[in-house]
$ cat work22.cif   # mmCIF, C-alpha atoms and all ligand atoms
data_final
loop_
_atom_site.label_atom_id
_atom_site.label_comp_id
_atom_site.auth_asym_id
_atom_site.auth_seq_id
_atom_site.Cartn_x
_atom_site.Cartn_y
_atom_site.Cartn_z
CA MET W 103 12.13 7.19 20.60
CA THR W 104 12.10 6.75 24.38
CA LEU W 105 15.86 7.31 24.63
CA GLU W 106 15.50 10.53 22.64
CA ALA W 107 12.70 11.64 24.94
CA ILE W 108 14.81 10.93 28.03
CA ALA W 109 17.73 12.90 26.61
CA LYS W 110 15.53 15.90 25.84
CA GLN W 111 15.50 17.89 29.08
CA ARG W 112 12.46 19.87 27.96
CA ASN W 113 10.41 16.68 27.79
CA ARG W 114 8.47 16.59 31.06
CA GLN W 115 6.07 13.75 30.30
CA ASN W 116 5.23 11.77 33.40
CA LEU W 117 6.38 8.41 32.08
CA ILE W 118 9.71 9.89 31.00
CA GLU W 119 10.11 11.59 34.39
CA LEU W 120 9.47 8.25 36.13
CA ILE W 121 12.19 6.61 34.02
CA ARG W 122 14.57 9.45 34.96
CA VAL W 123 13.81 8.88 38.66
CA GLU W 124 14.63 5.16 38.25
CA ILE W 125 17.91 6.02 36.53
CA ARG W 126 18.83 8.47 39.31
CA CYS W 127 18.09 5.77 41.91
CA ILE W 128 20.42 3.34 40.19
CA GLU W 129 23.13 6.01 39.87
CA ASN W 130 22.79 6.90 43.56
CA ASN W 131 23.80 3.32 44.30
CA SER W 132 27.19 4.03 42.70
CA CYS W 133 26.25 2.48 39.37
CA ILE W 134 26.78 4.07 35.99
CA VAL W 135 23.92 3.71 33.52
CA HIS W 136 24.68 3.45 29.82
CA PHE W 137 22.15 3.19 27.01
CA THR W 138 22.74 1.50 23.71
CA GLY W 139 20.52 0.40 20.86
CA VAL W 140 20.19 -3.34 20.18
CA LYS W 141 18.80 -5.01 17.10
CA ALA W 142 15.48 -6.75 17.58
CA HIS W 143 15.35 -10.57 17.19
CA ASN W 144 19.13 -10.78 17.35
CA ASN W 145 19.44 -13.14 20.32
CA ASN W 146 20.39 -10.38 22.72
CA SER W 147 19.63 -11.87 26.14
CA GLY W 148 18.53 -8.58 27.75
CA ASN W 149 16.30 -7.78 24.81
CA LYS W 150 14.77 -11.26 24.93
CA VAL W 151 13.96 -10.86 28.63
CA SER W 152 12.35 -7.44 28.10
CA ASP W 153 10.32 -8.77 25.16
CA GLN W 154 9.16 -11.71 27.27
CA LEU W 155 8.18 -9.47 30.19
CA ALA W 156 6.29 -7.11 27.88
CA LYS W 157 4.45 -10.07 26.34
CA GLU W 158 3.51 -11.49 29.74
CA ALA W 159 2.33 -8.08 30.96
CA SER W 160 0.14 -7.57 27.88
CA CYS W 161 -1.49 -11.00 28.36
CA ASP W 162 -2.01 -10.66 32.11
CA GLY W 163 -5.61 -9.54 32.59
CA VAL W 164 -5.33 -9.11 36.35
CA LEU W 165 -2.10 -7.14 36.38
CA ASP W 166 -2.44 -3.74 38.06
CA ILE W 167 -2.31 -0.82 35.70
CA ALA W 168 1.00 0.87 36.46
CA TYR W 169 0.42 3.92 34.34
CA ASN W 170 -2.91 5.29 33.23
CA ARG W 171 -2.26 8.95 32.58
CA TYR W 172 -2.71 10.53 29.21
CA THR W 173 0.09 12.66 27.83
CA LYS W 174 -0.74 16.25 26.95
CA SER W 175 0.22 15.63 23.33
CA ALA W 176 -2.16 12.62 23.14
CA VAL W 177 -5.03 14.75 24.45
CA ILE W 178 -4.22 17.53 21.98
CA SER W 179 -4.04 15.13 19.07
CA GLU W 180 -7.29 13.38 20.06
CA LEU W 181 -9.13 16.70 20.43
CA ARG W 182 -7.76 17.86 17.10
CA GLU W 183 -9.01 14.68 15.43
CA LEU W 184 -12.40 15.07 17.09
CA GLY W 185 -12.67 18.72 16.01
CA LEU W 186 -11.70 17.80 12.49
CA ARG W 187 -14.37 15.10 12.29
CA LYS W 188 -17.02 17.54 13.57
CA TRP W 189 -15.86 20.22 11.15
CA GLN W 190 -15.96 17.74 8.24
CA SER W 191 -19.44 16.59 9.17
CA GLU W 192 -20.69 20.20 9.35
CA TRP W 193 -19.00 20.92 6.01
CA ASP W 194 -20.64 17.85 4.44
CA SER W 195 -24.11 18.65 5.73
CA SER W 196 -24.03 22.38 5.01
CA ASN W 197 -26.02 23.48 1.98
CA LYS W 198 -23.79 26.53 1.60
CA GLY W 199 -20.49 26.87 -0.26
CA ALA W 200 -21.33 24.35 -3.02
CA LEU W 201 -18.63 25.71 -5.34
CA THR W 202 -16.02 25.95 -2.59
CA LYS W 203 -16.77 22.32 -1.74
CA THR W 204 -15.76 21.24 -5.21
CA PHE W 205 -12.35 22.80 -4.58
CA PHE W 206 -12.07 21.66 -0.96
CA PRO W 207 -14.18 18.54 -0.27
CA LYS W 208 -11.97 17.56 2.68
CA VAL W 209 -11.30 19.98 5.53
CA LYS W 210 -8.14 18.05 6.40
CA ASP W 211 -6.69 18.58 2.91
CA ARG W 212 -7.55 22.28 2.98
CA LEU W 213 -5.76 22.70 6.30
CA ALA W 214 -2.73 20.96 4.87
CA THR W 215 -2.70 23.24 1.82
CA ARG W 216 -0.80 26.47 2.21
CA LEU W 217 -2.62 29.12 0.23
CA GLN W 218 -1.91 32.80 -0.14
CA MET W 219 -5.47 34.07 -0.08
CA CYS W 220 -6.22 37.12 -2.19
CA LEU W 221 -9.29 38.75 -3.67
CA ASN W 222 -9.07 36.97 -7.03
CA LEU W 223 -8.56 33.53 -5.51
CA SER W 224 -11.43 34.00 -3.10
CA LYS W 225 -13.61 35.16 -6.02
CA VAL W 226 -12.86 31.98 -7.98
CA ILE W 227 -13.27 29.48 -5.17
CA THR W 228 -16.44 31.03 -3.74
CA GLY W 229 -18.07 32.26 -6.96
CA HIS W 230 -18.79 35.57 -5.23
CA GLY W 231 -17.40 38.99 -5.98
CA LYS W 232 -17.11 40.84 -9.24
CA LEU W 233 -18.01 37.88 -11.45
CA ARG W 234 -20.60 38.89 -14.03
CA SER W 235 -22.70 35.82 -13.18
CA CYS W 236 -23.06 37.25 -9.67
CA LEU W 237 -23.85 40.86 -10.41
CA PRO W 238 -27.42 40.53 -11.80
CA ARG W 239 -28.51 39.11 -8.43
CA PHE W 240 -27.60 42.46 -6.87
CA LYS W 241 -29.10 44.36 -9.80
CA ILE W 242 -25.71 45.88 -10.62
CA ILE W 243 -25.86 44.65 -14.23
CA ASP W 244 -28.51 42.76 -16.22
CA ASP W 245 -26.38 40.54 -18.41
CA PRO W 246 -24.34 37.74 -16.75
CA MET W 247 -22.61 36.83 -20.04
CA CYS W 248 -18.83 36.90 -20.16
CA PRO W 249 -17.34 39.40 -22.66
CA CYS W 250 -16.20 36.35 -24.69
CA ASP W 251 -19.92 35.70 -25.42
CA VAL W 252 -19.62 31.93 -24.90
CA ASN W 253 -21.29 31.52 -21.52
CA PRO W 254 -22.10 33.38 -18.30
CA GLN W 255 -18.96 34.49 -16.50
CA THR W 256 -18.69 31.91 -13.70
CA SER W 257 -15.57 30.53 -11.99
CA ASP W 258 -15.76 27.35 -14.02
CA HIS W 259 -16.16 29.27 -17.23
CA LEU W 260 -13.05 31.35 -16.48
CA ILE W 261 -10.99 28.30 -15.56
CA ARG W 262 -12.15 25.91 -18.29
CA GLU W 263 -13.47 27.63 -21.37
CA CYS W 264 -13.22 31.43 -21.58
CA THR W 265 -11.67 32.16 -24.95
CA LEU W 266 -10.24 35.44 -23.68
CA LEU W 267 -8.09 33.60 -21.14
CA ARG W 268 -6.45 31.02 -23.42
CA LYS W 269 -2.91 32.15 -22.69
CA GLN W 270 -3.46 32.26 -18.94
CA ARG W 271 -5.10 28.81 -19.13
CA GLN W 272 -2.09 27.34 -20.92
CA ARG W 273 0.17 28.77 -18.24
CA LEU W 274 -2.13 27.47 -15.51
CA ASN W 275 -2.17 24.04 -17.12
CA LYS W 276 1.61 23.85 -17.18
CA ILE W 277 1.84 24.83 -13.51
CA ILE W 278 -0.87 22.32 -12.56
CA ILE W 279 0.80 19.42 -14.33
CA LYS W 280 4.17 20.38 -12.83
CA ALA W 281 2.52 20.38 -9.37
CA GLY W 282 1.16 16.86 -9.91
CA GLY W 283 -2.38 17.72 -11.04
CA ALA W 284 -4.14 16.43 -14.12
CA GLY W 285 -4.92 19.63 -15.95
CA HIS W 286 -7.78 22.11 -15.89
CA ASN W 287 -10.26 19.87 -17.76
CA GLN W 288 -10.08 17.06 -15.24
CA THR W 289 -12.65 16.82 -12.51
CA LEU W 290 -10.14 15.43 -10.04
CA ASN W 291 -7.10 16.97 -8.46
CA TRP W 292 -8.64 20.26 -7.46
CA GLN W 293 -6.07 20.62 -4.71
CA PRO W 294 -3.04 21.14 -6.94
CA ARG W 295 -5.33 23.11 -9.18
CA VAL W 296 -6.21 25.60 -6.44
CA ARG W 297 -2.61 25.87 -5.30
CA SER W 298 -1.47 26.37 -8.86
CA TYR W 299 -4.20 28.83 -9.59
CA SER W 300 -3.16 30.91 -6.61
CA LYS W 301 0.43 30.85 -7.92
CA SER W 302 -0.65 31.95 -11.34
CA LEU W 303 -2.55 35.02 -10.11
ZN ZN W 401 -15.42 34.16 -21.16
#

$ encode --input "work22.cif" --output "structure tokens" --more "lines below"
Ligand SMILES: [Zn+2]
Amino acid sequence: MTLEAIAKQRNRQNLIELIRVEIRCIENNSCIVHFTGVKAHNNNSGNKVSDQLAKEASCDGVLDIAYNRYTKSAVISELRELGLRKWQSEWDSSNKGALTKTFFPKVKDRLATRLQMCLNLSKVITGHGKLRSCLPRFKIIDDPMCPCDVNPQTSDHLIRECTLLRKQRQRLNKIIIKAGGAGHNQTLNWQPRVRSYSKSL
């Protein structure tokens, strides 16, 4: 890893720059520096010495700290982790988006899922929009029942039981199982389900 970082000219991390300075110093004294990989625990004398020195340094409580700067990438990754934890905690404590939470309980998983958002997908995962179960609240219609007459037309009803969508459900099921999910009747594996649903729209 370190050798790769040294070879990459665009890598300007301080520690790597310091190693480059050391190499240049050695080369200025008419020496040629070569790097080669050695197997660990293979009785290579140089490797044994460096292991020993590293061990001594890590056990030496009074040794001066030679390097205490954070790399930019470490700061970015720590801040990202912190932001993610805060976001997750706000998501967990929010009393909004109950349906969306069933699809995306973990912010981290949602961020890792590439979704092509569209009106229909947003309707299903939020439960808002032109779903009949929603419209009576806005006094647009009185009856929330789905045209199939089984239950009110909610997201869950459309995904799991609407008799008018049998064919689409079979297709959805096939895509879900192919994507590693457990099928539309399972309570788990919403993630592949959402991805698959978006594909089937
Ligand atoms: Zn229905």

$ residues_near_ligand --input "work22.cif" --ligand "ligand ZN 401 (chain W)" --cutoff "7 Å" --atoms "all atoms listed in the file" --output "MDAnalysis selection string"
chainID W and resid 248:253 255 259:260 263:266

$ atom_distance --input "work22.cif" --atom1 "CA of Pro254 in chain W" --atom2 "CA of Arg234 in chain W"
7.1 Å

$ atom_distance --input "work22.cif" --atom1 "CA of Ala176 in chain W" --atom2 "CA of Asn116 in chain W"
12.7 Å

$ atom_distance --input "work22.cif" --atom1 "CA of Met247 in chain W" --atom2 "CA of Ser235 in chain W"
6.9 Å

$ closest_residue --input "work22.cif" --among "W:Leu120, W:Ile277, W:Ile261, W:Val209" --to "Gly185 in chain W" --atoms "only C-alpha atoms"
W:Val209

$ residues_near_point --input "work22.cif" --point "(-18.1, 34.8, -9.7)" --cutoff "12 Å" --atoms "only C-alpha atoms" --output "ChimeraX atom specification"
/W:201-202,221-239,246-248,254-261

$ residues_around --input "work22.cif" --residues "Trp193 in chain W" --least-positions-apart "3" --cutoff "9 Å" --atoms "only C-alpha atoms" --output "list of chain:residue names"
W:Lys188, W:Trp189, W:Gln190, W:Ser196, W:Asn197, W:Lys198, W:Gly199, W:Lys203, W:Pro207, W:Lys208, W:Val209

$ closest_residue --input "work22.cif" --among "W:Lys174, W:Leu186, W:Ala159, W:Ala281" --to "Arg212 in chain W" --atoms "only C-alpha atoms"
W:Leu186

$ closest_residue --input "work22.cif" --among "W:Ser195, W:Gln154, W:Gln115, W:Thr215" --to "Arg171 in chain W" --atoms "all atoms listed in the file"
W:Gln115
